[in-house]
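Engineer: The file below is data.txt, compact mmCIF, C-alpha atoms:
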# COMPACT_ATOMS: atom_id res chain seq x y z
CA MET X 1 4.05 -11.78 -7.80
CA THR X 2 5.73 -14.92 -9.13
CA THR X 3 9.18 -14.01 -7.77
CA ALA X 4 7.82 -13.71 -4.23
CA HIS X 5 6.04 -17.04 -4.67
CA HIS X 6 9.23 -18.79 -5.86
CA HIS X 7 11.15 -17.27 -2.99
CA ALA X 8 8.61 -18.62 -0.50
CA ALA X 9 8.66 -22.04 -2.16
CA GLY X 10 12.46 -22.14 -2.03
CA ALA X 11 12.45 -21.31 1.67
CA SER X 12 9.69 -23.75 2.56
CA THR X 13 11.89 -25.72 4.97
CA THR X 14 11.92 -22.81 7.44
CA GLU X 15 8.81 -20.81 6.55
CA PRO X 16 5.18 -21.90 6.87
CA ASN X 17 2.74 -21.28 4.00
CA PRO X 18 2.32 -17.61 3.06
CA PRO X 19 -0.43 -15.95 5.14
CA PRO X 20 -3.89 -15.95 3.50
CA LYS X 21 -4.77 -12.87 1.45
CA GLN X 22 -6.61 -10.15 3.37
CA PRO X 23 -10.12 -9.43 2.03
CA VAL X 24 -10.89 -5.93 0.76
CA LEU X 25 -14.03 -4.59 -0.92
CA ILE X 26 -13.65 -2.87 -4.29
CA TYR X 27 -16.65 -0.60 -4.77
CA ARG X 28 -18.10 0.58 -8.09
CA ASP X 29 -21.79 1.46 -8.34
CA ARG X 30 -22.17 -0.32 -11.70
CA LEU X 31 -19.99 -3.40 -12.16
CA LEU X 32 -18.31 -2.96 -14.58
CA PRO X 33 -18.15 -1.04 -17.91
CA TYR X 34 -15.78 -2.27 -20.65
CA SER X 35 -13.93 1.06 -20.47
CA GLU X 36 -12.77 0.24 -16.91
CA THR X 37 -10.58 -2.86 -17.41
CA PHE X 38 -7.96 -1.06 -15.30
CA ILE X 39 -9.99 -1.82 -12.14
CA PRO X 40 -9.94 -5.64 -12.33
CA ALA X 41 -6.38 -5.51 -13.72
CA GLN X 42 -5.25 -3.79 -10.53
CA VAL X 43 -7.33 -6.04 -8.24
CA GLU X 44 -6.11 -9.29 -9.81
CA ALA X 45 -2.47 -8.13 -9.65
CA MET X 46 -2.56 -7.89 -5.84
CA ALA X 47 -0.42 -10.46 -4.05
CA ARG X 48 -1.40 -9.99 -0.40
CA TYR X 49 -4.98 -8.70 -0.62
CA ARG X 50 -8.01 -10.38 -2.18
CA GLY X 51 -10.51 -8.03 -3.82
CA HIS X 52 -14.28 -8.60 -3.66
CA TYR X 53 -16.28 -6.59 -6.19
CA VAL X 54 -19.17 -4.71 -4.58
CA GLY X 55 -21.80 -2.56 -6.24
CA VAL X 56 -25.47 -1.78 -6.65
CA THR X 57 -26.13 -3.13 -10.13
CA ALA X 58 -24.57 -5.08 -13.01
CA GLN X 59 -23.44 -3.24 -16.13
CA GLN X 60 -24.96 -4.97 -19.19
CA PRO X 61 -22.99 -5.81 -21.23
CA GLY X 62 -19.86 -5.45 -19.13
CA ILE X 63 -16.65 -7.04 -17.91
CA GLU X 64 -17.01 -10.64 -16.68
CA LEU X 65 -16.08 -10.82 -12.98
CA ASP X 66 -15.48 -13.84 -10.73
CA SER X 67 -19.00 -14.65 -9.45
CA ASP X 68 -17.64 -15.94 -6.12
CA ARG X 69 -16.29 -12.48 -5.39
CA LEU X 70 -19.18 -10.44 -6.80
CA HIS X 71 -21.69 -8.86 -4.39
CA LEU X 72 -24.55 -6.86 -5.93
CA LEU X 73 -27.24 -5.11 -3.93
CA GLU X 74 -29.85 -5.82 -6.63
CA ASN X 75 -29.35 -9.59 -6.16
CA GLN X 76 -30.07 -9.44 -2.40
CA VAL X 77 -33.47 -7.69 -2.40
CA ARG X 78 -37.05 -8.25 -3.47
CA TRP X 79 -37.67 -4.76 -4.89
CA PRO X 80 -34.37 -3.84 -6.62
CA GLN X 81 -35.43 -0.44 -7.98
CA ALA X 82 -36.75 0.90 -4.68
CA SER X 83 -33.83 -0.57 -2.73
CA LYS X 84 -31.24 0.99 -5.06
CA THR X 85 -32.79 4.44 -4.68
CA ALA X 86 -33.11 4.05 -0.90
CA PHE X 87 -29.44 3.08 -0.69
CA ARG X 88 -28.17 5.92 -2.90
CA LEU X 89 -30.40 8.63 -1.43
CA LEU X 90 -31.16 7.64 2.14
CA LYS X 91 -28.14 5.45 3.01
CA ARG X 92 -30.52 2.52 3.58
CA ILE X 93 -28.44 -0.67 3.34
CA PRO X 94 -30.51 -3.86 2.83
CA ARG X 95 -29.88 -6.33 5.67
CA ASN X 96 -29.00 -9.28 3.39
CA PHE X 97 -26.55 -7.15 1.44
CA LEU X 98 -24.82 -5.96 4.62
CA LYS X 99 -24.69 -9.54 5.97
CA ALA X 100 -23.11 -10.81 2.74
CA LEU X 101 -20.41 -8.14 3.03
CA GLN X 102 -19.83 -8.72 6.75
CA ALA X 103 -19.36 -12.43 5.98
CA GLN X 104 -16.22 -11.52 3.98
CA SER X 105 -14.64 -9.83 7.06
CA PRO X 106 -13.28 -6.99 4.90
CA ARG X 107 -10.32 -4.95 6.15
CA LEU X 108 -11.11 -1.86 4.06
CA ILE X 109 -13.22 -0.51 1.19
CA HIS X 110 -11.59 0.94 -1.93
CA ALA X 111 -14.01 2.90 -4.14
CA HIS X 112 -13.26 4.06 -7.68
CA PHE X 113 -14.59 7.52 -8.70
CA GLY X 114 -15.77 10.20 -6.28
CA PRO X 115 -19.56 9.65 -6.54
CA ASP X 116 -19.04 5.95 -5.80
CA GLY X 117 -16.96 6.98 -2.80
CA ILE X 118 -20.05 8.64 -1.32
CA PHE X 119 -22.09 5.43 -1.67
CA ALA X 120 -19.18 3.33 -0.34
CA SER X 121 -18.91 5.63 2.70
CA HIS X 122 -22.36 4.38 3.86
CA LEU X 123 -20.97 0.84 3.82
CA ALA X 124 -17.64 1.79 5.43
CA GLN X 125 -19.52 3.32 8.39
CA GLN X 126 -21.68 0.20 8.89
CA LEU X 127 -18.77 -2.22 8.43
CA GLN X 128 -16.46 -0.05 10.55
CA THR X 129 -13.67 -0.18 7.98
CA PRO X 130 -11.48 2.58 6.55
CA LEU X 131 -12.43 4.01 3.15
CA ILE X 132 -10.02 4.70 0.27
CA VAL X 133 -11.25 6.57 -2.83
CA THR X 134 -9.47 6.79 -6.19
CA PHE X 135 -10.30 9.89 -8.27
CA HIS X 136 -9.92 9.47 -12.03
CA GLY X 137 -10.94 12.72 -13.76
CA TYR X 138 -14.32 14.48 -13.93
CA ASP X 139 -14.95 13.51 -10.28
CA ALA X 140 -12.13 15.86 -9.22
CA THR X 141 -13.11 18.80 -11.44
CA LEU X 142 -16.92 18.72 -11.50
CA SER X 143 -18.47 21.94 -10.23
CA LEU X 144 -21.95 23.48 -10.40
CA THR X 145 -22.83 26.52 -12.49
CA PRO X 146 -24.33 29.36 -10.38
CA GLU X 147 -27.79 28.54 -11.85
CA GLN X 148 -27.45 24.86 -10.89
CA ALA X 149 -26.32 25.81 -7.40
CA ARG X 150 -29.32 28.14 -6.94
CA ALA X 151 -31.85 25.70 -8.40
CA GLY X 152 -31.40 22.97 -5.84
CA HIS X 153 -32.15 24.67 -2.57
CA HIS X 154 -35.80 23.83 -1.96
CA PHE X 155 -37.34 20.38 -1.79
CA GLY X 156 -39.74 20.86 -4.73
CA SER X 157 -36.98 21.59 -7.23
CA GLN X 158 -34.87 18.72 -5.83
CA LEU X 159 -37.76 16.29 -6.29
CA HIS X 160 -38.37 17.60 -9.84
CA GLN X 161 -34.70 17.05 -10.66
CA LEU X 162 -34.66 13.55 -9.20
CA LEU X 163 -37.70 12.57 -11.30
CA TYR X 164 -36.81 14.30 -14.57
CA HIS X 165 -33.07 15.08 -14.51
CA ARG X 166 -31.51 12.25 -12.53
CA GLY X 167 -28.00 12.97 -13.85
CA THR X 168 -28.11 16.61 -12.73
CA PHE X 169 -29.63 15.67 -9.38
CA TYR X 170 -26.90 13.18 -8.48
CA LYS X 171 -24.21 15.53 -9.81
CA ARG X 172 -25.39 18.28 -7.50
CA ARG X 173 -25.60 15.95 -4.49
CA TYR X 174 -22.10 14.72 -5.23
CA VAL X 175 -20.59 18.22 -5.50
CA GLU X 176 -22.33 19.21 -2.25
CA GLN X 177 -21.04 16.12 -0.42
CA ARG X 178 -17.53 15.96 -1.88
CA SER X 179 -15.79 17.88 0.94
CA GLN X 180 -17.51 15.58 3.46
CA LEU X 181 -16.13 12.62 1.48
CA PHE X 182 -12.61 14.08 1.71
CA ALA X 183 -13.06 14.25 5.51
CA GLN X 184 -14.51 10.73 5.86
CA SER X 185 -11.90 9.00 3.68
CA ALA X 186 -8.82 7.49 5.27
CA GLN X 187 -6.90 7.98 2.02
CA ILE X 188 -7.50 9.72 -1.30
CA ILE X 189 -5.71 8.39 -4.40
CA ALA X 190 -5.23 10.52 -7.52
CA VAL X 191 -4.46 8.75 -10.82
CA SER X 192 -2.10 11.58 -11.82
CA ASP X 193 -0.46 14.69 -10.44
CA CYS X 194 -2.88 16.72 -12.58
CA ILE X 195 -5.81 15.17 -10.64
CA ARG X 196 -4.01 15.74 -7.33
CA GLN X 197 -3.81 19.47 -8.13
CA GLN X 198 -7.52 19.54 -9.02
CA LEU X 199 -8.43 17.83 -5.72
CA VAL X 200 -6.37 20.35 -3.72
CA ALA X 201 -8.19 23.14 -5.59
CA GLN X 202 -11.50 21.58 -4.45
CA GLY X 203 -10.36 21.71 -0.83
CA CYS X 204 -8.91 18.24 -0.27
CA PRO X 205 -6.00 18.33 2.22
CA ASP X 206 -2.80 17.77 0.25
CA ASP X 207 -1.37 15.39 2.86
CA LYS X 208 -4.35 13.07 2.40
CA ILE X 209 -3.68 12.53 -1.33
CA GLN X 210 -1.33 9.99 -2.84
CA VAL X 211 -0.62 9.97 -6.59
CA HIS X 212 -0.65 6.38 -7.85
CA TYR X 213 -0.25 5.33 -11.50
CA ILE X 214 -2.28 2.15 -11.93
CA GLY X 215 -0.11 0.76 -14.73
CA ILE X 216 -0.81 -1.87 -17.36
CA ASP X 217 -0.15 -5.59 -17.66
CA ARG X 218 2.87 -5.46 -19.94
CA SER X 219 2.69 -9.19 -20.63
CA LYS X 220 -0.52 -8.43 -22.58
CA PHE X 221 0.91 -5.41 -24.44
CA GLU X 222 3.96 -6.70 -26.29
CA PRO X 223 4.35 -5.81 -29.95
CA ASP X 224 4.85 -8.55 -32.55
CA PRO X 225 7.73 -7.25 -34.72
CA THR X 226 6.79 -9.64 -37.56
CA ILE X 227 3.58 -7.69 -38.20
CA GLN X 228 4.02 -4.98 -40.81
CA ARG X 229 2.95 -1.48 -39.71
CA GLU X 230 0.32 0.15 -41.94
CA ARG X 231 -0.17 3.84 -42.72
CA VAL X 232 -2.95 4.08 -40.13
CA VAL X 233 -3.70 6.73 -37.52
CA LEU X 234 -5.53 4.90 -34.71
CA PHE X 235 -8.08 6.42 -32.32
CA VAL X 236 -9.31 4.33 -29.36
CA GLY X 237 -11.79 5.83 -26.91
CA ARG X 238 -15.37 6.68 -26.12
CA LEU X 239 -16.92 9.03 -28.66
CA VAL X 240 -17.48 11.90 -26.23
CA ALA X 241 -16.30 15.52 -26.34
CA LYS X 242 -13.41 14.91 -23.89
CA LYS X 243 -11.66 12.48 -26.26
CA GLY X 244 -11.40 15.06 -29.07
CA CYS X 245 -12.21 12.81 -32.04
CA ALA X 246 -13.70 15.79 -33.92
CA SER X 247 -10.35 17.62 -33.64
CA LEU X 248 -8.55 14.56 -35.03
CA LEU X 249 -10.97 14.36 -37.98
CA SER X 250 -10.28 18.05 -38.76
CA ALA X 251 -6.53 17.46 -38.60
CA MET X 252 -6.81 14.34 -40.78
CA ALA X 253 -8.36 16.35 -43.62
CA SER X 254 -5.05 18.23 -43.99
CA VAL X 255 -2.98 15.07 -43.44
CA GLN X 256 -4.84 13.13 -46.13
CA SER X 257 -4.55 15.96 -48.64
CA LEU X 258 -0.75 15.42 -48.53
CA HIS X 259 -0.78 11.70 -47.66
CA PRO X 260 -3.82 10.23 -49.44
CA ASP X 261 -2.64 6.71 -48.51
CA VAL X 262 -3.02 7.35 -44.76
CA ARG X 263 -6.20 5.93 -43.21
CA MET X 264 -7.85 6.65 -39.89
CA VAL X 265 -9.37 3.88 -37.76
CA VAL X 266 -11.74 4.69 -34.88
CA ILE X 267 -12.41 2.09 -32.19
CA GLY X 268 -15.06 3.03 -29.64
CA ASP X 269 -18.66 4.15 -29.42
CA GLY X 270 -20.59 6.93 -27.79
CA PRO X 271 -23.18 9.67 -28.15
CA LEU X 272 -21.17 11.62 -30.76
CA ARG X 273 -20.80 8.73 -33.21
CA SER X 274 -23.33 9.79 -35.88
CA GLN X 275 -22.16 13.42 -35.69
CA LEU X 276 -18.54 12.30 -36.21
CA GLU X 277 -19.53 10.04 -39.11
CA GLN X 278 -21.26 13.00 -40.76
CA GLN X 279 -18.18 15.18 -40.20
CA ALA X 280 -15.97 12.51 -41.82
CA GLN X 281 -18.31 12.28 -44.81
CA ALA X 282 -18.52 16.05 -45.26
CA SER X 283 -14.71 16.44 -45.18
CA ARG X 284 -14.23 13.35 -47.44
CA CYS X 285 -11.96 11.90 -44.76
CA SER X 286 -11.00 8.23 -45.22
CA VAL X 287 -12.01 6.77 -41.86
CA GLU X 288 -13.37 3.47 -40.58
CA PHE X 289 -15.62 3.47 -37.51
CA LEU X 290 -15.34 0.00 -35.96
CA GLY X 291 -17.47 0.63 -32.86
CA ALA X 292 -16.59 -0.83 -29.46
CA GLN X 293 -14.21 -3.79 -29.75
CA PRO X 294 -12.74 -6.32 -27.29
CA SER X 295 -9.23 -5.65 -26.02
CA ALA X 296 -7.68 -8.31 -28.30
CA VAL X 297 -8.86 -6.35 -31.37
CA VAL X 298 -7.56 -3.09 -29.87
CA ARG X 299 -4.13 -4.66 -29.27
CA ASP X 300 -4.06 -6.02 -32.83
CA TRP X 301 -4.67 -2.52 -34.24
CA MET X 302 -2.06 -1.04 -31.89
CA ASN X 303 0.39 -3.50 -33.44
CA ARG X 304 -0.57 -2.56 -37.01
CA ALA X 305 -1.04 1.22 -36.81
CA ARG X 306 1.65 3.84 -37.39
CA ILE X 307 0.45 6.54 -34.96
CA PHE X 308 -1.87 6.55 -31.98
CA CYS X 309 -3.91 9.74 -31.63
CA VAL X 310 -6.54 10.59 -29.01
CA PRO X 311 -6.45 14.42 -28.72
CA SER X 312 -8.05 14.68 -25.27
CA GLN X 313 -9.29 18.10 -24.21
CA VAL X 314 -11.09 19.74 -21.28
CA THR X 315 -14.82 20.05 -22.02
CA GLU X 316 -17.17 22.95 -21.24
CA GLN X 317 -18.38 20.90 -18.25
CA ARG X 318 -14.72 20.77 -17.12
CA ASP X 319 -14.43 17.04 -17.71
CA ILE X 320 -10.72 16.33 -17.92
CA GLU X 321 -8.43 13.47 -19.02
CA GLY X 322 -7.10 12.27 -15.67
CA LEU X 323 -4.35 10.19 -17.26
CA GLY X 324 -5.57 7.85 -20.01
CA MET X 325 -4.37 4.25 -19.61
CA VAL X 326 -4.85 3.75 -23.34
CA PHE X 327 -1.82 6.02 -23.96
CA ALA X 328 0.28 3.67 -21.82
CA GLU X 329 -1.04 0.64 -23.72
CA ALA X 330 -0.20 2.20 -27.11
CA GLN X 331 3.36 3.09 -26.06
CA ALA X 332 3.91 -0.39 -24.61
CA MET X 333 3.00 -1.70 -28.08
CA GLY X 334 5.77 0.44 -29.62
CA LEU X 335 3.22 2.89 -31.05
CA PRO X 336 4.19 6.59 -30.85
CA VAL X 337 1.47 8.98 -29.64
CA VAL X 338 0.19 12.32 -30.92
CA SER X 339 -2.22 14.21 -28.64
CA PHE X 340 -2.95 17.53 -26.98
CA ALA X 341 -1.02 18.55 -23.85
CA SER X 342 -4.19 18.33 -21.75
CA GLY X 343 -4.96 17.07 -18.24
CA GLY X 344 -2.74 14.17 -17.20
CA VAL X 345 -1.63 13.33 -20.77
CA PRO X 346 1.85 14.95 -20.41
CA GLU X 347 2.53 12.60 -17.46
CA VAL X 348 2.02 9.47 -19.57
CA VAL X 349 3.31 10.80 -22.94
CA ARG X 350 6.73 12.48 -22.83
CA HIS X 351 6.61 15.26 -25.42
CA GLY X 352 9.47 15.02 -27.92
CA LYS X 353 10.59 11.65 -26.50
CA THR X 354 7.71 9.15 -26.73
CA GLY X 355 5.29 11.25 -28.75
CA LEU X 356 4.31 14.76 -29.82
CA LEU X 357 1.87 16.92 -27.85
CA ALA X 358 0.22 19.95 -29.46
CA PRO X 359 -1.25 22.86 -27.49
CA GLU X 360 -4.83 22.01 -26.49
CA LYS X 361 -7.46 22.51 -29.24
CA ASP X 362 -4.78 23.66 -31.75
CA VAL X 363 -5.90 21.51 -34.69
CA GLU X 364 -3.26 22.91 -37.03
CA ALA X 365 -0.44 21.98 -34.62
CA LEU X 366 -2.02 18.53 -34.21
CA GLY X 367 -1.95 18.07 -38.01
CA LYS X 368 1.71 19.16 -38.17
CA ALA X 369 2.64 16.64 -35.45
CA LEU X 370 0.92 13.85 -37.43
CA HIS X 371 2.75 14.93 -40.63
CA ARG X 372 6.06 14.92 -38.80
CA LEU X 373 5.72 11.39 -37.47
CA LEU X 374 4.46 10.09 -40.82
CA ASP X 375 7.42 11.67 -42.68
CA ASP X 376 10.30 11.12 -40.28
CA GLY X 377 11.03 7.38 -40.00
CA GLU X 378 14.06 7.89 -37.77
CA LEU X 379 12.12 9.96 -35.23
CA TRP X 380 9.29 7.41 -35.34
CA GLY X 381 11.73 4.58 -34.54
CA LYS X 382 13.32 6.44 -31.62
CA MET X 383 9.91 7.25 -30.12
CA ALA X 384 8.68 3.67 -30.54
CA VAL X 385 11.63 2.40 -28.43
CA ALA X 386 11.54 5.25 -25.88
CA GLY X 387 7.80 4.76 -25.35
CA GLN X 388 8.25 1.11 -24.42
CA GLN X 389 11.04 1.99 -21.95
CA HIS X 390 8.99 4.81 -20.38
CA ILE X 391 6.03 2.48 -19.77
CA ALA X 392 8.27 -0.31 -18.42
CA GLU X 393 9.78 2.13 -15.91
CA ASN X 394 6.69 4.05 -14.80
CA PHE X 395 3.49 2.24 -15.76
CA ASP X 396 4.13 -1.46 -15.15
CA LEU X 397 1.19 -2.98 -13.25
CA ALA X 398 3.44 -5.66 -11.69
CA LYS X 399 5.75 -2.96 -10.28
CA ASN X 400 3.05 -0.46 -9.29
CA THR X 401 0.53 -2.74 -7.56
CA PRO X 402 2.84 -3.52 -4.59
CA GLN X 403 2.90 0.27 -3.99
CA LEU X 404 -0.91 0.18 -3.68
CA GLU X 405 -0.72 -2.74 -1.25
CA ALA X 406 1.85 -0.84 0.82
CA LEU X 407 -0.66 2.04 0.92
CA TYR X 408 -3.37 -0.40 2.15
CA ASP X 409 -0.94 -1.56 4.88
CA GLU X 410 -0.31 2.02 5.94
CA VAL X 411 -4.04 2.90 6.06
CA LEU X 412 -4.74 -0.21 8.19
CA ARG X 413 -1.85 0.65 10.53
CA ARG X 414 -3.18 4.19 11.03
CA TYR X 415 -6.74 2.90 11.45
CA ALA X 416 -5.75 0.31 14.10
CA HIS X 417 -3.76 2.98 15.93
CA GLY X 418 -6.70 5.44 15.78
CA SER X 419 -9.19 2.78 16.96
CA ARG X 420 -7.04 1.94 19.97
CA GLN X 421 -6.80 5.58 20.95
CA LYS X 422 -10.58 6.11 20.97
Any chance you could put this one into structure tokens?
Structural biologist:
Amino acid sequence: MTTAHHHAAGASTTEPNPPPKQPVLIYRDRLLPYSETFIPAQVEAMARYRGHYVGVTAQQPGIELDSDRLHLLENQVRWPQASKTAFRLLKRIPRNFLKALQAQSPRLIHAHFGPDGIFASHLAQQLQTPLIVTFHGYDATLSLTPEQARAGHHFGSQLHQLLYHRGTFYKRRYVEQRSQLFAQSAQIIAVSDCIRQQLVAQGCPDDKIQVHYIGIDRSKFEPDPTIQRERVVLFVGRLVAKKGCASLLSAMASVQSLHPDVRMVVIGDGPLRSQLEQQAQASRCSVEFLGAQPSAVVRDWMNRARIFCVPSQVTEQRDIEGLGMVFAEAQAMGLPVVSFASGGVPEVVRHGKTGLLAPEKDVEALGKALHRLLDDGELWGKMAVAGQQHIAENFDLAKNTPQLEALYDEVLRRYAHGSRQK
């Protein structure tokens, strides 16, 4: 971004000021959980487009967003609860909310996650703008069990689900409407090739999908070589089945029997926390659960730890690791990774070069990979360097965001062309 700016400044004798940024709406139903820092990172890295954050409700607590560019449905209505449900279920868009969005003269809407794409499609139709949807993981793989599919066919059972099983109700609606979303979207973005394959399997036309690695802000993830590495295996992630913390605890029991000085640090929170704490106690595993922490604390631990390990795995509900930006962050910090070869992980961690990937759910192989990196200092050093290079080449936000903006340009070109033809 800065180089283009300097270039423009240097040429100011012949060129006028750079054109103003084009407004785009970035849609997420709840703005914005701490686990989704990658969304504002991408938006704020754009040079030619200006992102306005649009959603139904505020996530509390959540990421602080620029209030001048924040548009929430719940702030524009007298009866927030009723209006939210009417919007999500019946496509009813409150007049004030629509006016506030029209006032921004948006060129397009970019929604993150499939279910949010469905809600954003209501707005795209009213605003007459193209819709782009980024799929991140579960939204590409989610499917209904035969029982779930049968249960939702008559109105009574649908109403019962809406009142008593909201999660299931919206899941079903999403799965039923996903192919319609593929048709209505001008462009589908997959965060990894793994997710692209899943979308094709769900019936999305291959030529409509673009794989785009979001990337990380490497200026924020630079290791401090003066800090001494400690014998720590670091886990950072939500404490849910997909992240595989239970598998890591099992593997650590064998690691600590041979390396009693090695500690495990867990950053993150979630529904499985107390279960995992009990597992750690029962196996006499030396582990510290630090709960959710701000990104500065995460970076500090990434600078101090010896190995980064989040053994992601596909869950029974087919939730999948789409990519895992945290793996890119760890490698940028010179921290080698151990994980399972699951979902999009092999795209961000190069097995044998920047880390070691065990076959999915093979706890013994996971333990051996941890042993190997703890014992072999030379291998550790090579991987630490290779990981930083790999991220610089493939996952640099400053390099990757212009690719997204080029995709926006292309969508707008096609849209203008299509509109003229009608």
Engineer: Please measure the separation of CA of Met383 (chain X) and CA of Gly291 (chain X), giving the value in Å to one decimal.
Structural biologist: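 Result for CA of Met383 (chain X) versus CA of Gly291 (chain X): 28.3 Å, one decimal.
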Engineer: With distances taken over all atoms listed in the file, which residue among X:Tyr213, X:Phe182, X:Phe97, X:Phe308 lies nearest Phe38 (chain X)?
Structural biologist: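 Selected residue with least distance to Phe38 (chain X): X:Tyr213.
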Engineer: Suppose you want the space between CA of Thr145 (chain X) and CA of Gln317 (chain X); what is it in Å?
Structural biologist: 9.2 Å
Engineer: Which residues, written as a CSV table (one decimal) with C-alpha atoms, in the coordinates of the input, have at least one atom at most 8 Å from region 237-246 of chain X, with only C-alpha atoms counted and residues fewer than 4 positions away on the same chain left out?
Structural biologist:
chain,number,residue,atom,x,y,z
X,250,SER,CA,-10.3,18.0,-38.8
X,267,ILE,CA,-12.4,2.1,-32.2
X,268,GLY,CA,-15.1,3.0,-29.6
X,269,ASP,CA,-18.7,4.2,-29.4
X,270,GLY,CA,-20.6,6.9,-27.8
X,271,PRO,CA,-23.2,9.7,-28.2
X,272,LEU,CA,-21.2,11.6,-30.8
X,273,ARG,CA,-20.8,8.7,-33.2
X,276,LEU,CA,-18.5,12.3,-36.2
X,279,GLN,CA,-18.2,15.2,-40.2
X,310,VAL,CA,-6.5,10.6,-29.0
X,311,PRO,CA,-6.4,14.4,-28.7
X,312,SER,CA,-8.0,14.7,-25.3
X,313,GLN,CA,-9.3,18.1,-24.2
X,314,VAL,CA,-11.1,19.7,-21.3
X,315,THR,CA,-14.8,20.0,-22.0
X,319,ASP,CA,-14.4,17.0,-17.7
X,320,ILE,CA,-10.7,16.3,-17.9
X,321,GLU,CA,-8.4,13.5,-19.0
Engineer: Counting only C-alpha atoms, which residue out of X:Asp193, X:Tyr408, X:Gln278, X:Ser179 sits closest to Leu25 (chain X)?
Structural biologist: X:Tyr408
Engineer: Would you work out the distance separating CA of Glu44 (chain X) from CA of Asn96 (chain X), expressed in Å to one decimal?
Structural biologist: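 These two atoms are separated by 26.4 Å.
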